Structures are given as C-alpha cells and as structure tokens.
Amino acid sequence: MIVSNLEIIPGKRIQKHFGLVQGSSVRAKHVGRDIMAGLKNIFGGELKGYTELLQESRQEAYDRMLDQAKAVGANAVLNVRFSTSSVAAGAAELFAYGTAVILE
Amino acid sequence: MIDLVILISLLALGYGFGQYAEKKHYTSIRKRELILRTIPVVASKIPPQGNPNYDSQLVSGSVVISVDYFKRFVAGLRGLFGGRITSYETLLDRARREAILRVKREAKDMGAEFVFNIKLETASIHKGRGNGIGSVEVLAYGTALIPN
Amino acid sequence: MQYSNPKIPEGINTSKTNPLKEFAVLTIGVIFVVISVLALLIILVDLFADKIPFQWEKEMPIERVLGNKDGSQLPDYINVLSQKVISNMQLPDDMDITVHYVNDDTVNAFATLGGHIVIYRGLLEKLTYEEELAAIIAHEVAHIKYRHPILGASHGLAVGLVLSIISSSADDIVSGLLGNTSMITVMKFSRDYEYQADKEAIELLIKIYGQADGALGLFDIFKSVHNAVEPIEFLNTHPLTDNRIKQAKSMIFDKQVTNQSSMTNFPQDYISWLASEK
C-alpha cells in the first residue's frame, strides 16, 4: 500500500477517492518510565522511555489508519497528516489521517 | 470506611450514566453518518479536475465531550501500569466523528457537494483535578465546494 | 475521478474490552502489587530498624512532648508495681523504662520511643484489680522490649517515601487508593505487634501471680468501653478484642494454669489518691 503525504503521486493517476480514513491511539506511560523521566529532569538527556512509548503509539495509530483504508478497498493513502495532543498528564493521543484512494 | 462508600458510589454513577450516554451518542452518530453519506470528506487539497465551477466556503464543526468518573479512575490506574487507555479511545473516536458530522451538516445546509482539505485539531479543555483529563475538544474544518 | 463515501467499519479505532472487567483487573492488580511491594519493603526495613541503638532513641527529646505537663506525680504504688513487672521481663541492660502518668479522662495507655510509657487517669479509673494494671504495664513494656516504637516509625517513613514517589505520577483518585492500601498493609504489622505484646503480658502475669485473669479482665473493660460494634479488623491498628481474648484463653489452656485464687485489690491509699485526682 502506498502511503504518502503528497497530493499526487508522480506517474500515477487517482482513479477513485474513498474519503477520510483515520487512526488514533491513546497510551499511558507507567510508573517506571515516569520515575526515570523525573530523574532525567535533574540530570538531563534523552527520555528514551517516552520516545519509545510515543513511537509505538504512533505506529499503532498509523496501522489503524491503514486498516480503515484496507477495509474500504483502497490501495493507497494520500495527504497523510499526524497530530499529537496531550489529553491528560502522562497520556498522549497520537492521530494519523489521510485520504484513501485507488491509484492506477 | 465512608471514603470507600463514596468512591464506589461515584464509580457506579460514572459507569452507569457514562455507558448510557455513550451508547446513545453512538446510535445518533451512526444514524447521521448514514444520512450524510452523500457528502464525501477528503483530506486532499486539489479540487476535482475538469469539472463545473464551484463556490468555496470554509466550514467547521467542533464538539467538547467530557469524561465520567469511572473512565477517569480506570485511566488513572492505567497511568501506573502503562498500556492503551481504552476508555479514552472511545471518547476521542466519538468526538472526532461528531465534529466531522457537524462539518458535513454545515456543508449540506449550504448545498455543498464535497468538503476538501479537512483538518482536525484536538485539545484538552479543563484539565480537571490533579492534571487528569477533564474534557476534550475536537475541531474539524475544511473547504466546502458548492456547485453553482 | 469518482468520489465515494463508503461506510468504515467500527472498532478499528476503539478496543473491544469490557470496561468492568478491565476495571476489576486493574484495581485488584494495583492493590495486590502495592501490598506485596510494601510488605516486602517493611520486612526489609525490619532487618535494619532494630539495629538502631536504643541509646539513640533515648536522645530524642520526647519527654518534653509527653505528659506531666501539669506536674502530676506518679504515685509510689504504680512506681513499685512497674519496677516489679520490669524486673521480671528480662529486658536488655541498657533499656530503661520511664513510666509517666497524665491526669486526663482519656481511657488509654501507650509506649513510645526512648522507653517512655504513658498511662492516663481515665484508664486507671476503669480498673478494679492490681493484676489488670500489671497487665497494662507489662503489655507496654513488651512493646519497648521488642522495639515496636522504632519499628513502627521506620515502617511509616519507608512506606511514606515509596508512596510519595509513586503518587507523584498518579492523579488524585488513584493516590487516594494507594494511600489507603498502604495504610492497610502497615496496620497488619501493627496488629501482629499487639498480639506479641499481649503474649508477653500474659506470660508475665502467670509468672508473678500464677494466673492470667487480669488480662481477661482488662479485655472485658476494653469491650465495655467500645460498647458499639468494633470496626472491621483489617481497617484497624489493633486486633478485635474478641481475638485477643481468644489468644489469651488458648495460652492459659496451653500452660495449664489452674490457680483459681481471686485477684488482688488495690491498696486503700492508692484508691484515695485516684479519687482525689479527679
């Protein structure tokens, strides 16, 4: 499946639009990661625990968006956008959306 | 002892009313999605080619949904163990679909045929006690194309 | 270029979990984990806490906080009785006990850091026999003998520390749950200490008086003071009085104590002194 944040893929024509597909994932950190983050606030450095958490979360949101696209029969998702929002302390919502299309 | 009783009552109230409100909302969402199926919503920027002239108009729809005590408690426990906060997933799903439905409603009232370049914004309104989630706002906006 | 708007199936962006099941699993999980971790922590702390020298306890300025603010003097009778009890309890050499008396209605007595025991007038007024007073003194001295005050203080400190670290990343509601769970865990250890002190007291009574009816009499007094139904045991720092009576009776049976002689009355000058203290 072609996934891109371009409007038009060079060399391909859009045959059919299926509209908006979205994928989202809300995850929480656990106490261990939080304590490490607290310590890092003193010593500085990359918060690897949180980075991993958000990467996994973003991957899940992305996969869900592709699941929606497959479910309507598309073979590509264009104009993909990501968004992160903090909905509560220690929980972030990762959101991906785009247009599902059939390319030929 | 009295604390425990209060906690359990709040949880029961939250669960009962929360589940009821959610079911009702989802039924309403599915019904309206069926009705408004005629208006496609796309994230693309480039309008349809080789087509009659369209009037363009910015349309938007937003909704603020609050979370109940039961969901907040379960999410708080999740914050200790980590993992997917399933209670918030439905909250955000509902909010997003509702916002998009409101965009479609506004577009339909204008007589539009499509909505292009839809964008979504999520924000946490009123963080609630102890930095927990209080309510969530989702804003959806795009350009409605009205055939003239 | 066709634009269609197909129905997207439900359930991709939400998870199909039963919320009640998730709630039960998480809550029970949290309670179980917290109790296990804290119990382990307390056992670990106990390995080190009783190594704290008794001398350090004595250096704390506790006497300034305790009773005797109104200058009440401990009557000689109680002093003599305390010495008799203490000498029969095989305390370590450096452990000195100081008994304080407070002229107050409170029906209570307690032992605290540094070997200090406080007895209130309210409790003294409820007693009828010398053996009952000896049981109280022996129970409190036993707490000090087994270093329960410093152990209890260390538990509170360690648990409080761990709890504040965990609670900093949790919201209010969950912090409340964690706090209550940790309290329940600490209380279990406190109840075990009460049973241990009761045991010492009964052994002492049997040693000095040949019978332990003084302890049973004391528990009956506790029951009458509580009059209403006692709260659930696991939410309490002390065991249910009925359970303490059960332990006492089973010890009396095991040691085959058969002395049926009646208990000693208080001397007249003590009774007069107590009446005048009101």
# chains A, B, ... in the order shown; residues from 1 in each chain; ligands from 1
call {"tool": "interface_residues", "arguments": {"of": "chain A", "to": "chain C", "cutoff": "10 Å", "atoms": "only C-alpha atoms", "output": "MDAnalysis selection string"}}
result
chainID A and resid 13:26 29:35 38 60:61 63:73 88:90 101:102
call {"tool": "select_by_dssp", "arguments": {"residues": "chain A", "states": "strand (DSSP E or B)", "output": "ChimeraX atom specification"}}
result
/A:2-3,14-30,76-88,91-103
call {"tool": "write_last_selection", "arguments": {"atoms": "C-alpha atoms", "output": "mmCIF file, in the first residue's frame"}}
result
data_model
loop_
_atom_site.group_PDB
_atom_site.id
_atom_site.type_symbol
_atom_site.label_atom_id
_atom_site.label_comp_id
_atom_site.auth_asym_id
_atom_site.auth_seq_id
_atom_site.Cartn_x
_atom_site.Cartn_y
_atom_site.Cartn_z
ATOM 1 C CA ILE A 2 1.375 3.393 -0.961
ATOM 2 C CA VAL A 3 1.269 5.860 1.865
ATOM 3 C CA ILE A 14 -6.098 8.632 -8.900
ATOM 4 C CA GLN A 15 -8.997 6.553 -10.024
ATOM 5 C CA LYS A 16 -11.309 6.723 -7.035
ATOM 6 C CA HIS A 17 -11.482 8.581 -3.710
ATOM 7 C CA PHE A 18 -12.855 6.916 -0.635
ATOM 8 C CA GLY A 19 -12.771 9.871 1.694
ATOM 9 C CA LEU A 20 -11.168 10.331 5.074
ATOM 10 C CA VAL A 21 -9.550 7.475 6.981
ATOM 11 C CA GLN A 22 -8.207 7.973 10.481
ATOM 12 C CA GLY A 23 -6.243 6.044 13.034
ATOM 13 C CA SER A 24 -5.701 7.023 16.629
ATOM 14 C CA SER A 25 -4.108 5.587 19.723
ATOM 15 C CA VAL A 26 -4.157 6.791 23.334
ATOM 16 C CA ARG A 27 -1.438 5.427 25.555
ATOM 17 C CA ALA A 28 -0.264 5.964 29.081
ATOM 18 C CA LYS A 29 3.229 5.668 30.471
ATOM 19 C CA HIS A 30 3.802 3.518 33.544
ATOM 20 C CA ALA A 76 -3.121 3.965 -1.261
ATOM 21 C CA VAL A 77 -3.482 6.671 1.376
ATOM 22 C CA LEU A 78 -2.524 10.189 0.358
ATOM 23 C CA ASN A 79 -2.193 13.503 2.146
ATOM 24 C CA VAL A 80 -1.303 11.860 5.406
ATOM 25 C CA ARG A 81 -1.047 14.118 8.441
ATOM 26 C CA PHE A 82 -0.007 13.330 12.025
ATOM 27 C CA SER A 83 -1.116 15.047 15.178
ATOM 28 C CA THR A 84 -0.155 14.639 18.824
ATOM 29 C CA SER A 85 -2.237 16.000 21.639
ATOM 30 C CA SER A 86 -1.838 15.736 25.360
ATOM 31 C CA VAL A 87 -5.189 14.755 26.779
ATOM 32 C CA ALA A 88 -4.095 14.176 30.358
ATOM 33 C CA ALA A 91 -1.286 10.267 28.371
ATOM 34 C CA ALA A 92 -0.995 11.402 24.774
ATOM 35 C CA GLU A 93 -3.270 10.810 21.823
ATOM 36 C CA LEU A 94 -1.477 10.056 18.552
ATOM 37 C CA PHE A 95 -3.619 10.650 15.499
ATOM 38 C CA ALA A 96 -2.992 9.986 11.803
ATOM 39 C CA TYR A 97 -5.393 10.767 8.962
ATOM 40 C CA GLY A 98 -5.403 10.902 5.198
ATOM 41 C CA THR A 99 -7.444 10.266 2.072
ATOM 42 C CA ALA A 100 -7.899 6.652 0.952
ATOM 43 C CA VAL A 101 -7.708 6.266 -2.829
ATOM 44 C CA ILE A 102 -7.287 3.724 -5.578
ATOM 45 C CA LEU A 103 -4.238 4.505 -7.694
#
call {"tool": "closest_atom_pairs", "arguments": {"of": "range 44-95 of chain B", "to": "range 106-130 of chain B", "cutoff": "7 Å", "atoms": "only C-alpha atoms", "output": "Markdown table"}}
result
| residue | atom | partner | partner_atom | distance |
| --- | --- | --- | --- | --- |
| B:Ser44 | CA | B:Asn117 | CA | 5.0 |
| B:Lys45 | CA | B:Asn117 | CA | 4.9 |
| B:Val59 | CA | B:Ala107 | CA | 6.6 |
call {"tool": "write_last_selection", "arguments": {"atoms": "N, CA and C atoms", "output": "PDB file, in the first residue's frame"}}
result
ATOM      1  N   SER B  44      -7.570  15.712   0.732  1.00  0.00           N
ATOM      2  CA  SER B  44      -6.763  16.257  -0.363  1.00  0.00           C
ATOM      3  C   SER B  44      -7.026  17.732  -0.539  1.00  0.00           C
ATOM      4  N   LYS B  45      -6.000  18.405  -1.090  1.00  0.00           N
ATOM      5  CA  LYS B  45      -6.130  19.848  -1.308  1.00  0.00           C
ATOM      6  C   LYS B  45      -6.611  20.165  -2.713  1.00  0.00           C
ATOM      7  N   VAL B  59     -15.824  25.640   6.112  1.00  0.00           N
ATOM      8  CA  VAL B  59     -16.808  25.144   7.085  1.00  0.00           C
ATOM      9  C   VAL B  59     -16.061  24.491   8.240  1.00  0.00           C
TER      10      VAL B  59
END
call {"tool": "interface_residues", "arguments": {"of": "chain B", "to": "chain C", "cutoff": "9 Å", "atoms": "only C-alpha atoms", "output": "ChimeraX atom specification"}}
result
/B:1,7,15,33-34,37-42,48-49,70-74,76-81,84,86-90,93,114,129-132
call {"tool": "select_by_dssp", "arguments": {"residues": "range 16-145 of chain B", "states": "alpha helix (DSSP H)", "output": "number ranges by chain"}}
result
B: 16-35, 69-81, 86-110
call {"tool": "atom_distance", "arguments": {"atom1": "CA of Val141 in chain C", "atom2": "CA of Ser276 in chain C"}}
result
27.4 Å
call {"tool": "closest_residue", "arguments": {"among": "B:Leu58, B:Leu91, B:Ala75, B:Asp3", "to": "Lys23 in chain B", "atoms": "only C-alpha atoms"}}
result
B:Leu91
call {"tool": "residues_around", "arguments": {"residues": "Pro149 in chain C", "least_positions_apart": "2", "cutoff": "9 Å", "atoms": "only C-alpha atoms", "output": "PyMOL selection string"}}
result
chain C and resi 111-115+143-144+146-147+151-154
call {"tool": "write_last_selection", "arguments": {"atoms": "C-alpha atoms", "output": "tab-separated table (two decimals), in the first residue's frame"}}
result
chain	number	residue	atom	x	y	z
C	111	ALA	CA	4.52	3.20	74.76
C	112	THR	CA	6.74	5.36	72.60
C	113	LEU	CA	10.36	5.89	71.57
C	114	GLY	CA	13.01	6.08	74.26
C	115	GLY	CA	11.37	3.67	76.65
C	143	HIS	CA	6.29	-3.10	73.08
C	144	ILE	CA	9.52	-1.44	74.16
C	146	TYR	CA	10.65	-5.76	71.11
C	147	ARG	CA	11.45	-2.23	69.82
C	151	LEU	CA	9.98	-0.39	64.01
C	152	GLY	CA	6.63	1.31	63.57
C	153	ALA	CA	8.29	4.67	62.96
C	154	SER	CA	10.61	3.14	60.35
call {"tool": "closest_residue", "arguments": {"among": "B:Ala21, B:Ile65, B:Val5, B:Ala43", "to": "chain A", "atoms": "only C-alpha atoms"}}
result
B:Ala43
